[in-house]
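Data from target_17.cif: mmCIF, C-alpha atoms and all ligand atoms
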```
data_run
loop_
_atom_site.label_atom_id
_atom_site.label_comp_id
_atom_site.auth_asym_id
_atom_site.auth_seq_id
_atom_site.Cartn_x
_atom_site.Cartn_y
_atom_site.Cartn_z
CA MET A 280 -45.73 337.49 -45.46
CA ALA A 281 -46.57 334.32 -47.41
CA ALA A 282 -46.28 332.25 -44.21
CA GLY A 283 -48.59 334.72 -42.44
CA SER A 284 -51.32 334.50 -45.09
CA ARG A 285 -51.00 330.69 -45.14
CA ALA A 286 -51.55 330.63 -41.37
CA ALA A 287 -54.60 332.91 -41.73
CA GLY A 288 -55.98 330.58 -44.42
CA PHE A 289 -55.55 327.53 -42.16
CA ALA A 290 -57.24 329.38 -39.30
CA ALA A 291 -60.21 330.34 -41.52
CA ALA A 292 -60.56 326.76 -42.80
CA ALA A 293 -60.38 325.35 -39.26
CA GLY A 294 -63.01 327.86 -38.12
CA ALA A 295 -65.35 326.93 -40.97
CA ALA A 296 -64.91 323.22 -40.22
CA TRP A 297 -65.64 323.78 -36.53
CA LEU A 298 -68.84 325.72 -37.38
CA ALA A 299 -70.01 323.00 -39.80
CA LYS A 300 -69.37 320.32 -37.16
CA ARG A 301 -71.28 322.30 -34.55
CA ALA A 302 -74.26 322.75 -36.93
CA LEU A 303 -74.35 319.01 -37.62
CA ARG A 304 -74.14 318.20 -33.88
CA THR A 305 -77.12 320.52 -33.28
CA ARG A 306 -79.14 318.86 -36.05
CA ILE A 307 -78.39 315.42 -34.66
CA ARG A 308 -79.18 316.44 -31.06
CA ARG A 309 -82.60 317.73 -32.13
CA SER A 310 -83.44 314.73 -34.30
CA PRO A 311 -86.03 312.25 -33.01
CA LEU A 312 -84.27 309.79 -35.32
CA TRP A 313 -81.13 309.78 -33.16
CA PRO A 314 -78.43 308.91 -34.18
CA LEU A 315 -79.60 309.96 -37.67
CA PRO A 316 -79.69 313.67 -38.45
CA ALA A 317 -83.11 315.21 -39.00
CA LEU A 318 -84.08 315.65 -42.64
CA GLU A 319 -84.39 319.19 -43.85
CA THR A 320 -86.81 318.60 -46.72
CA PRO A 321 -89.53 316.02 -47.39
CA VAL A 322 -88.23 313.07 -49.35
CA SER A 323 -90.42 314.01 -52.31
CA GLY A 324 -88.38 317.19 -52.59
CA HIS A 325 -91.12 319.74 -52.16
CA SER A 326 -93.35 321.05 -49.46
CA PRO A 327 -96.84 319.74 -50.26
CA ARG A 328 -98.37 322.05 -47.68
CA ARG A 329 -97.46 325.16 -49.66
CA THR A 330 -100.43 326.43 -51.65
CA LEU A 331 -100.60 329.09 -54.32
CA ARG A 332 -103.54 331.26 -55.32
CA ALA A 333 -104.39 332.17 -58.89
CA THR A 334 -107.28 333.56 -60.92
CA VAL A 335 -108.89 331.97 -63.96
CA VAL A 336 -108.24 334.72 -66.52
CA ALA A 337 -109.40 332.88 -69.64
CA ARG A 338 -111.59 329.89 -70.37
CA THR A 339 -112.16 328.36 -73.81
CA GLU A 340 -113.55 325.12 -75.22
CA ALA A 341 -110.52 323.27 -76.63
CA ALA A 342 -112.61 320.35 -77.98
CA ASP A 343 -115.90 318.57 -77.24
CA GLY A 344 -115.96 318.14 -73.47
CA VAL A 345 -112.53 319.75 -72.94
CA VAL A 346 -112.11 323.10 -71.25
CA HIS A 347 -108.84 325.05 -71.50
CA LEU A 348 -108.09 327.34 -68.56
CA ARG A 349 -105.47 330.05 -68.20
CA LEU A 350 -104.55 330.75 -64.55
CA ALA A 351 -102.62 333.84 -63.56
CA SER A 352 -100.85 335.10 -60.46
CA PRO A 353 -97.51 336.83 -59.86
CA GLU A 354 -96.64 334.10 -57.33
CA LEU A 355 -96.70 331.14 -59.76
CA PRO A 356 -93.25 329.48 -59.77
CA ALA A 357 -91.30 328.48 -62.86
CA TRP A 358 -91.88 325.00 -64.32
CA THR A 359 -90.48 322.66 -66.95
CA PRO A 360 -92.23 320.71 -69.74
CA GLY A 361 -93.93 317.56 -68.40
CA ALA A 362 -94.79 319.15 -65.02
CA HIS A 363 -98.21 318.94 -63.39
CA VAL A 364 -99.94 320.81 -60.59
CA ASP A 365 -102.41 319.75 -57.93
CA LEU A 366 -105.58 321.80 -58.22
CA LEU A 367 -107.33 322.22 -54.86
CA LEU A 368 -110.98 322.47 -55.84
CA PRO A 369 -113.56 324.43 -53.83
CA SER A 370 -115.22 321.17 -52.66
CA GLY A 371 -111.94 319.93 -51.18
CA LEU A 372 -111.18 317.51 -54.02
CA VAL A 373 -107.57 317.58 -55.23
CA ARG A 374 -106.82 316.74 -58.85
CA GLN A 375 -103.63 316.63 -60.90
CA TYR A 376 -103.42 318.38 -64.27
CA SER A 377 -100.45 318.69 -66.61
CA LEU A 378 -99.34 322.18 -67.54
CA CYS A 379 -99.82 322.69 -71.27
CA GLY A 380 -98.81 326.33 -71.76
CA ASP A 381 -95.43 327.93 -72.29
CA PRO A 382 -92.90 327.83 -69.40
CA ALA A 383 -91.45 331.11 -70.70
CA GLU A 384 -94.70 332.91 -69.84
CA THR A 385 -94.07 333.66 -66.19
CA GLY A 386 -97.05 334.22 -63.91
CA THR A 387 -99.34 332.08 -66.08
CA TYR A 388 -100.28 328.40 -66.10
CA GLU A 389 -102.52 326.65 -68.60
CA ILE A 390 -104.39 323.40 -68.08
CA ALA A 391 -106.93 321.47 -70.16
CA VAL A 392 -109.52 319.26 -68.49
CA ARG A 393 -111.75 316.65 -70.09
CA ARG A 394 -115.12 316.28 -68.43
CA ALA A 395 -115.52 312.69 -67.18
CA GLU A 396 -119.20 312.09 -66.44
CA ASP A 397 -118.40 308.72 -64.88
CA GLY A 398 -115.36 310.00 -62.94
CA ARG A 399 -115.06 310.91 -59.27
CA GLY A 400 -116.27 314.50 -59.68
CA GLY A 401 -113.09 316.56 -60.07
CA SER A 402 -113.42 317.29 -63.78
CA ARG A 403 -117.15 318.03 -63.46
CA GLU A 404 -116.34 320.57 -60.76
CA VAL A 405 -113.71 322.24 -62.95
CA HIS A 406 -116.21 322.49 -65.81
CA ASP A 407 -119.13 323.64 -63.69
CA ARG A 408 -117.46 325.98 -61.20
CA LEU A 409 -114.27 327.43 -62.66
CA ALA A 410 -115.57 330.31 -64.76
CA GLU A 411 -113.48 333.30 -65.76
CA GLY A 412 -112.67 335.32 -62.65
CA ALA A 413 -112.81 332.31 -60.28
CA GLU A 414 -110.10 332.06 -57.64
CA VAL A 415 -108.27 328.74 -57.43
CA GLN A 416 -105.71 327.21 -55.13
CA LEU A 417 -102.98 324.94 -56.32
CA ARG A 418 -99.73 323.37 -55.21
CA PRO A 419 -96.41 324.16 -56.90
CA PRO A 420 -95.58 322.19 -60.05
CA ARG A 421 -93.82 318.85 -59.87
CA ASN A 422 -92.29 317.00 -62.75
CA ARG A 423 -92.40 313.22 -62.90
CA PHE A 424 -92.31 313.21 -66.70
CA PRO A 425 -89.32 315.38 -67.63
CA LEU A 426 -88.03 315.75 -71.16
CA GLU A 427 -84.65 313.97 -71.28
CA PRO A 428 -82.01 314.58 -73.94
CA ALA A 429 -82.16 312.08 -76.83
CA THR A 430 -81.17 311.92 -80.48
CA ARG A 431 -84.79 311.31 -81.41
CA HIS A 432 -88.02 311.74 -79.42
CA VAL A 433 -91.10 309.68 -80.25
CA PHE A 434 -94.35 310.77 -78.61
CA VAL A 435 -97.46 308.59 -78.47
CA VAL A 436 -100.47 310.16 -76.79
CA GLY A 437 -104.14 309.45 -76.37
CA GLY A 438 -106.78 312.18 -75.97
CA ILE A 439 -106.16 314.59 -73.12
CA GLY A 440 -102.71 312.97 -72.70
CA ILE A 441 -101.55 315.54 -75.25
CA THR A 442 -101.31 318.20 -72.51
CA PRO A 443 -97.83 317.44 -71.04
CA VAL A 444 -96.44 316.85 -74.53
CA LEU A 445 -97.36 320.25 -76.00
CA PRO A 446 -94.70 322.17 -74.01
CA MET A 447 -92.18 319.43 -74.85
CA LEU A 448 -92.71 319.94 -78.58
CA ARG A 449 -92.26 323.69 -78.16
CA ALA A 450 -89.09 323.14 -76.11
CA LEU A 451 -87.62 320.79 -78.74
CA GLY A 452 -88.31 323.29 -81.50
CA PRO A 453 -88.36 322.83 -85.26
CA GLU A 454 -84.75 321.64 -85.57
CA ALA A 455 -85.07 318.61 -83.30
CA ASP A 456 -85.87 315.12 -84.56
CA TRP A 457 -89.27 314.15 -83.16
CA THR A 458 -92.58 312.59 -84.20
CA LEU A 459 -95.98 312.52 -82.54
CA LEU A 460 -98.72 309.92 -82.88
CA TYR A 461 -101.92 311.42 -81.46
CA GLY A 462 -104.94 309.15 -81.03
CA GLY A 463 -108.44 310.00 -79.84
CA ARG A 464 -112.07 309.01 -80.16
CA SER A 465 -112.89 311.53 -82.88
CA ARG A 466 -111.39 314.75 -84.26
CA ALA A 467 -114.02 316.79 -82.45
CA SER A 468 -112.93 315.33 -79.10
CA MET A 469 -109.18 315.93 -79.62
CA PRO A 470 -107.87 319.23 -78.22
CA PHE A 471 -105.13 321.38 -79.79
CA LEU A 472 -105.38 319.95 -83.33
CA PRO A 473 -104.99 323.41 -84.97
CA GLU A 474 -101.75 324.06 -83.05
CA LEU A 475 -100.39 320.63 -83.95
CA ALA A 476 -101.25 321.06 -87.64
CA ARG A 477 -98.43 323.61 -87.84
CA HIS A 478 -95.88 320.82 -87.40
CA GLY A 479 -96.81 319.16 -90.71
CA ASP A 480 -96.23 315.46 -91.26
CA ARG A 481 -94.26 315.01 -88.05
CA VAL A 482 -97.67 314.71 -86.38
CA THR A 483 -99.95 311.77 -87.21
CA VAL A 484 -103.52 312.18 -86.02
CA VAL A 485 -105.51 308.96 -85.60
CA PRO A 486 -109.18 309.51 -84.71
CA GLU A 487 -110.62 306.13 -83.81
CA ASP A 488 -113.96 306.72 -85.59
CA GLU A 489 -112.09 307.23 -88.89
CA ALA A 490 -109.00 305.04 -88.67
CA GLY A 491 -109.44 302.64 -85.75
CA ARG A 492 -106.80 302.14 -83.07
CA PRO A 493 -103.30 303.51 -83.77
CA ASP A 494 -100.82 301.06 -85.24
CA LEU A 495 -97.79 300.98 -82.91
CA SER A 496 -95.69 298.54 -84.95
CA PHE A 497 -93.41 301.43 -86.06
CA LEU A 498 -92.03 301.49 -82.51
CA SER A 499 -90.23 298.19 -83.06
CA SER A 500 -87.74 299.99 -85.34
CA ALA A 501 -86.83 302.60 -82.70
CA GLY A 502 -83.04 302.58 -82.56
CA PRO A 503 -80.41 303.55 -79.99
CA GLY A 504 -80.66 307.18 -78.93
CA THR A 505 -84.46 307.20 -79.24
CA ALA A 506 -86.64 308.09 -76.24
CA VAL A 507 -90.35 307.21 -76.27
CA TYR A 508 -92.87 309.30 -74.31
CA CYS A 509 -96.44 308.18 -73.75
CA CYS A 510 -99.39 309.69 -71.89
CA GLY A 511 -102.93 308.42 -72.27
CA PRO A 512 -105.24 305.60 -71.23
CA GLU A 513 -103.66 302.63 -69.44
CA PRO A 514 -104.13 300.17 -72.38
CA LEU A 515 -102.30 302.56 -74.72
CA MET A 516 -99.39 302.89 -72.30
CA ALA A 517 -99.21 299.12 -71.86
CA ALA A 518 -99.21 298.66 -75.64
CA VAL A 519 -96.42 301.22 -76.09
CA GLU A 520 -94.29 299.50 -73.44
CA GLU A 521 -94.87 296.22 -75.19
CA ALA A 522 -94.06 297.55 -78.66
CA ALA A 523 -90.85 299.44 -77.83
CA PRO A 524 -87.66 297.38 -78.23
CA ALA A 525 -85.59 296.51 -75.17
CA GLY A 526 -83.04 299.21 -74.43
CA VAL A 527 -85.21 302.07 -75.70
CA PRO A 528 -86.39 304.11 -72.70
CA VAL A 529 -90.17 304.51 -72.44
CA HIS A 530 -91.34 307.42 -70.28
CA LEU A 531 -94.93 307.18 -69.06
CA GLU A 532 -97.14 309.76 -67.37
CA ARG A 533 -99.91 308.09 -65.38
CA PHE A 534 -103.03 309.71 -64.05
CA THR A 535 -104.84 306.49 -63.29
CA ALA A 536 -105.16 304.45 -60.15
CA ALA A 537 -102.73 301.84 -58.86
CA ALA A 538 -103.85 298.55 -57.33
CA PRO A 539 -106.15 298.80 -54.28
CA ALA A 540 -104.35 299.40 -51.00
CA ALA A 541 -106.10 296.66 -49.00
CA GLY A 542 -104.17 293.66 -47.65
CA ARG A 543 -103.32 292.01 -44.36
CA PRO A 544 -102.90 294.19 -41.25
CA PHE A 545 -99.50 295.39 -40.04
CA THR A 546 -97.97 297.88 -37.63
CA LEU A 547 -96.23 301.05 -38.63
CA GLU A 548 -93.74 302.72 -36.35
CA LEU A 549 -93.46 306.45 -37.05
CA ARG A 550 -89.97 306.91 -35.67
CA ARG A 551 -89.75 310.67 -36.08
CA SER A 552 -93.03 311.16 -34.20
CA GLY A 553 -92.35 308.48 -31.57
CA THR A 554 -95.62 306.63 -32.17
CA THR A 555 -96.85 303.36 -33.68
CA VAL A 556 -100.10 302.84 -35.59
CA THR A 557 -101.89 299.71 -36.77
CA VAL A 558 -102.91 299.52 -40.42
CA ALA A 559 -106.11 297.48 -40.65
CA ALA A 560 -106.67 295.03 -43.51
CA GLY A 561 -109.14 297.27 -45.32
CA GLU A 562 -107.37 300.62 -45.00
CA SER A 563 -104.28 302.24 -46.44
CA ALA A 564 -101.12 303.08 -44.53
CA LEU A 565 -101.92 306.72 -45.32
CA THR A 566 -105.27 306.49 -43.51
CA ALA A 567 -103.62 304.95 -40.46
CA VAL A 568 -100.83 307.53 -40.40
CA ARG A 569 -103.30 310.40 -40.75
CA ARG A 570 -105.19 309.12 -37.69
CA ALA A 571 -102.08 309.85 -35.64
CA LEU A 572 -100.77 312.76 -37.74
CA PRO A 573 -103.71 314.50 -39.44
CA ASP A 574 -101.43 316.96 -41.23
CA THR A 575 -99.66 314.25 -43.23
CA PRO A 576 -99.87 315.52 -46.82
CA TYR A 577 -101.53 313.55 -49.59
CA SER A 578 -103.23 314.30 -52.86
CA CYS A 579 -104.39 311.65 -55.35
CA THR A 580 -104.61 308.72 -52.86
CA GLN A 581 -104.08 306.45 -55.85
CA GLY A 582 -100.33 306.16 -56.18
CA PHE A 583 -99.58 308.51 -59.03
CA CYS A 584 -98.83 311.98 -57.63
CA GLY A 585 -95.98 311.19 -55.20
CA THR A 586 -97.20 313.53 -52.45
CA CYS A 587 -97.31 310.77 -49.82
CA GLN A 588 -93.80 309.42 -50.53
CA HIS A 589 -91.92 308.76 -47.30
CA ARG A 590 -88.62 307.31 -46.27
CA VAL A 591 -88.63 303.73 -45.00
CA LEU A 592 -86.13 303.00 -42.24
CA THR A 593 -86.79 299.28 -41.70
CA GLY A 594 -88.79 296.49 -43.24
CA PRO A 595 -89.55 295.17 -46.74
CA VAL A 596 -92.33 297.00 -48.60
CA ASP A 597 -95.02 295.58 -50.86
CA HIS A 598 -94.85 298.36 -53.47
CA ARG A 599 -98.11 298.69 -55.38
CA ASP A 600 -97.49 301.88 -57.30
CA THR A 601 -96.14 302.36 -60.80
CA LEU A 602 -94.59 305.73 -60.02
CA LEU A 603 -91.40 305.16 -58.05
CA THR A 604 -88.18 304.11 -59.68
CA ASP A 605 -86.40 300.94 -58.52
CA GLU A 606 -83.86 303.13 -56.78
CA GLU A 607 -86.56 305.11 -54.94
CA ARG A 608 -88.16 301.85 -53.85
CA THR A 609 -85.04 300.80 -51.98
CA THR A 610 -85.55 303.59 -49.44
CA THR A 611 -89.08 305.01 -49.83
CA MET A 612 -92.74 304.07 -50.28
CA LEU A 613 -96.05 305.68 -51.20
CA LEU A 614 -98.30 305.49 -48.14
CA CYS A 615 -101.57 305.66 -50.07
CA VAL A 616 -101.19 302.35 -51.93
CA SER A 617 -98.19 300.37 -50.66
CA ARG A 618 -98.07 298.14 -47.59
CA ALA A 619 -95.65 296.13 -45.46
CA GLU A 620 -94.55 292.84 -46.89
CA GLY A 621 -94.33 291.48 -43.36
CA ASP A 622 -95.94 292.52 -40.07
CA HIS A 623 -94.03 295.72 -39.36
CA LEU A 624 -92.48 298.76 -40.99
CA VAL A 625 -90.54 301.70 -39.57
CA LEU A 626 -90.94 305.03 -41.32
CA ASP A 627 -89.13 308.32 -41.07
CA VAL A 628 -92.36 310.14 -40.28
S1 LIG B 1 -101.32 310.60 -52.39
FE1 LIG B 1 -100.69 310.62 -54.46
S2 LIG B 1 -99.22 309.02 -54.53
FE2 LIG B 1 -100.06 308.89 -52.57
#
```

Before we go any further, please render this structure as C-alpha cells.
Ligand code: FES
Amino acid sequence: MAAGSRAAGFAAAAGAAWLAKRALRTRIRRSPLWPLPALETPVSGHSPRRTLRATVVARTEAADGVVHLRLASPELPAWTPGAHVDLLLPSGLVRQYSLCGDPAETGTYEIAVRRAEDGRGGSREVHDRLAEGAEVQLRPPRNRFPLEPATRHVFVVGGIGITPVLPMLRALGPEADWTLLYGGRSRASMPFLPELARHGDRVTVVPEDEAGRPDLSFLSSAGPGTAVYCCGPEPLMAAVEEAAPAGVPVHLERFTAAAPAAGRPFTLELRRSGTTVTVAAGESALTAVRRALPDTPYSCTQGFCGTCQHRVLTGPVDHRDTLLTDEERTTTMLLCVSRAEGDHLVLDV
C-alpha cells in the first residue's frame, strides 16, 4: 500500500516536472530573444498602459495655491504609504502626484497639488480644470519611496513634499519613534498644518518668512537604526544627504528633472522587436525608440517616474537619472534620460 502511494507520488511529481519543462520550452520557442525566455512582465513591475478612471468627489483649498482633491472609483487598487500615481490630464500631459490620504480607505485616493505659475502647465491644468465632478484618468500607484522598518524615523520635508509623508506618519502611529521637520515659505503656503498640529512637539514647523531656512545640524547625531526620509526641493534634499552621517540611510522622493538627455549619437538595437534605431545627439533614447515603437510607455520624460525603465542586454550605459539603485543600473536603464556610454546598446525591447 505504502509502496503504491509512493509510486503514485513519483508519477505525479514527474508529470508536474514534464509540464513545467514543456511550458518553459514553449516560452523560449516564442521568444524573439532566443535563447532567452520571453519576459512576462515589464521590468518596472507594472503595466504602464493600464489606466484607471475616477471622479473628483471633493476639492478643497489646503493652503495658498494648493488644491486638495479626493478621487473616487471602485476600481482604484490598494496602495502603500509613499506611493504616487500618474495623472493623465485632459490635455494629454501626464504628471506624478503622491497619494496623501489613508490607504485603508479603499476606492478613494487623495492628492494635493501646488500651482506652479512658472511650471510646464500640469499643475495649472489641475487647478483650472479639475472641479468637483470632473472625470480623471490615472495609472495604478507605484511606490519608489516606501516606508522601511527602522528604530527611529526622521522626516524632513519642504512645502508640498509633505504629501507622501502624511500616510507614513499615520502608518507609524503614536507609539513609534519619529520626528518631522516641515519647512515652507510661509505658514499660509504650507498644507496640512492643522492635521500635523495633533502630533505635538514631534513636528517642527519652520516657515521661512519667520524663522529662515531649517537648521539640519541635528541630523549629524542620527544614530544606528535611524532612517531619514526627505521630499522637497532639490537643494533641501542635497542638504539632507550632506548632513546625515555615513551609514544612516537617506530615502529621497524626487519630482524634479534629471540632467538633459542630449549627448553624442549612438545606435540602439531593440532585440525583442528585431530592429535597430539611431539616437541622434539632440534627442533621447526614448524618442528614438518611440519612432520605431510608438506604444513604448513613458510618463515624466525626466528620469523620476520609472515608467521607461528597460532591460539592457549589452553595452555600458551612461546613467543620468537619480532614481535607479546601483543594482538596477547593472541590468536596466531609463530611456528618457540615459544614453550609451559607447556607440551601441542592445535592449530587451
Ligand atoms: S518617463 Fe519617467 S523616468 Fe523615463

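In terms of minimum interatomic distance to Gly542 of chain A, A:Arg618 ranks closest within A:Arg569, A:Arg618, A:Arg608, A:Arg477, counting all atoms listed in the file.
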
Ligand LIG 1 (chain B): which residues are within 7 Å, counting only C-alpha atoms and all ligand atoms, as a compact mmCIF listing (two decimals) with C-alpha atoms, keeping the file's coordinate frame?
```txt
# COMPACT_ATOMS: atom_id res chain seq x y z
CA TYR A 577 -101.53 313.55 -49.59
CA SER A 578 -103.23 314.30 -52.86
CA CYS A 579 -104.39 311.65 -55.35
CA THR A 580 -104.61 308.72 -52.86
CA GLN A 581 -104.08 306.45 -55.85
CA GLY A 582 -100.33 306.16 -56.18
CA PHE A 583 -99.58 308.51 -59.03
CA CYS A 584 -98.83 311.98 -57.63
CA GLY A 585 -95.98 311.19 -55.20
CA THR A 586 -97.20 313.53 -52.45
CA CYS A 587 -97.31 310.77 -49.82
CA GLN A 588 -93.80 309.42 -50.53
CA LEU A 613 -96.05 305.68 -51.20
CA LEU A 614 -98.30 305.49 -48.14
CA CYS A 615 -101.57 305.66 -50.07
CA VAL A 616 -101.19 302.35 -51.93
```

- Students should find that atom CA of Leu348 of chain A and atom CA of Leu472 of chain A are spaced 16.7 Å

Give one line per residue of segment 387-459 of chain A that approaches segment 516-532 of chain A to at most 8 Å, naming the two atoms of the closest pair and their distance in Å to one decimal, counting only C-alpha atoms; sort by chain then ascending residue number and deliver it as a tab-separated table.
```
residue	atom	partner	partner_atom	distance
A:Arg423	CA	A:Glu532	CA	7.4
A:Phe424	CA	A:Glu532	CA	6.0
A:Val435	CA	A:Val519	CA	7.8
```

- Could you check how far atom CA of Ser617 of chain A sits from atom CA of Arg551 of chain A, in Å to one decimal?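 Rounded to one decimal, the two atoms are 19.7 Å apart.
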
- Message: Nearest residue to Arg449 of chain A out of A:Thr359, A:Thr330, A:Ser377, A:Thr554, using all atoms listed in the file?
- Response: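 Closest residue, counting all atoms listed in the file: A:Thr359.
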
- Message: Which residue is closest to Thr387 of chain A? Choose from A:Arg399, A:Arg374, A:His406, A:Arg332 and count all atoms listed in the file.
- Response: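 Counting all atoms listed in the file, the residue closest to Thr387 of chain A is A:Arg332.
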
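The smallest atom-to-atom distance between Gln416 of chain A and any of A:Glu489, A:Glu389, A:Asp365, A:Glu606, using only C-alpha atoms, is found for A:Asp365.
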
- Item | Length of the atom CA of Asp600 of chain A to atom CA of Met612 of chain A vector [Å] |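 The value is 8.8 Å.
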
- Item | Of the listed residues A:Ala357, A:Thr557, A:His478, A:Thr604, that which approaches Arg570 of chain A most closely, counting only C-alpha atoms |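 Smallest distance to Arg570 of chain A is found for A:Thr557.
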
- Do you know which residues are at most 9 Å from Gly412 of chain A counting all atoms listed in the file, after dropping those on the same chain fewer than 6 positions away, and could you put them as a count of residues only? 4

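If you measure from each of A:Thr442, A:Thr566, A:Thr601, A:Thr430 to His363 of chain A using all atoms listed in the file, the closest one turns out to be A:Thr442.
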
- Near-Val596 of chain A list (12 Å; only C-alpha atoms; drop same-chain fewer than 4 positions) as a PyMOL selection string: chain A and resi 545+547+564+589-592+600+607-614+616-626

With all atoms of segment 441-448 of chain A from the file as input, state the centre and edge lengths in Å to one decimal of the axis-aligned box that has 6 Å extra on each side, as AutoDock Vina command-line options.
```
--center_x -96.9 --center_y 318.9 --center_z -74.8 --size_x 21.4 --size_y 18.6 --size_z 19.5
```

- Task: Extract, using only C-alpha atoms, all DNA, RNA and protein residues at most 8 Å from segment 481-484 of chain A, discarding same-chain residues fewer than 6 positions from it, and format them as a list in words.
- Result: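 In the requested format, the answer is Trp457, Thr458, Leu459, Leu460, Tyr461, Gly462 and Leu475 of chain A.
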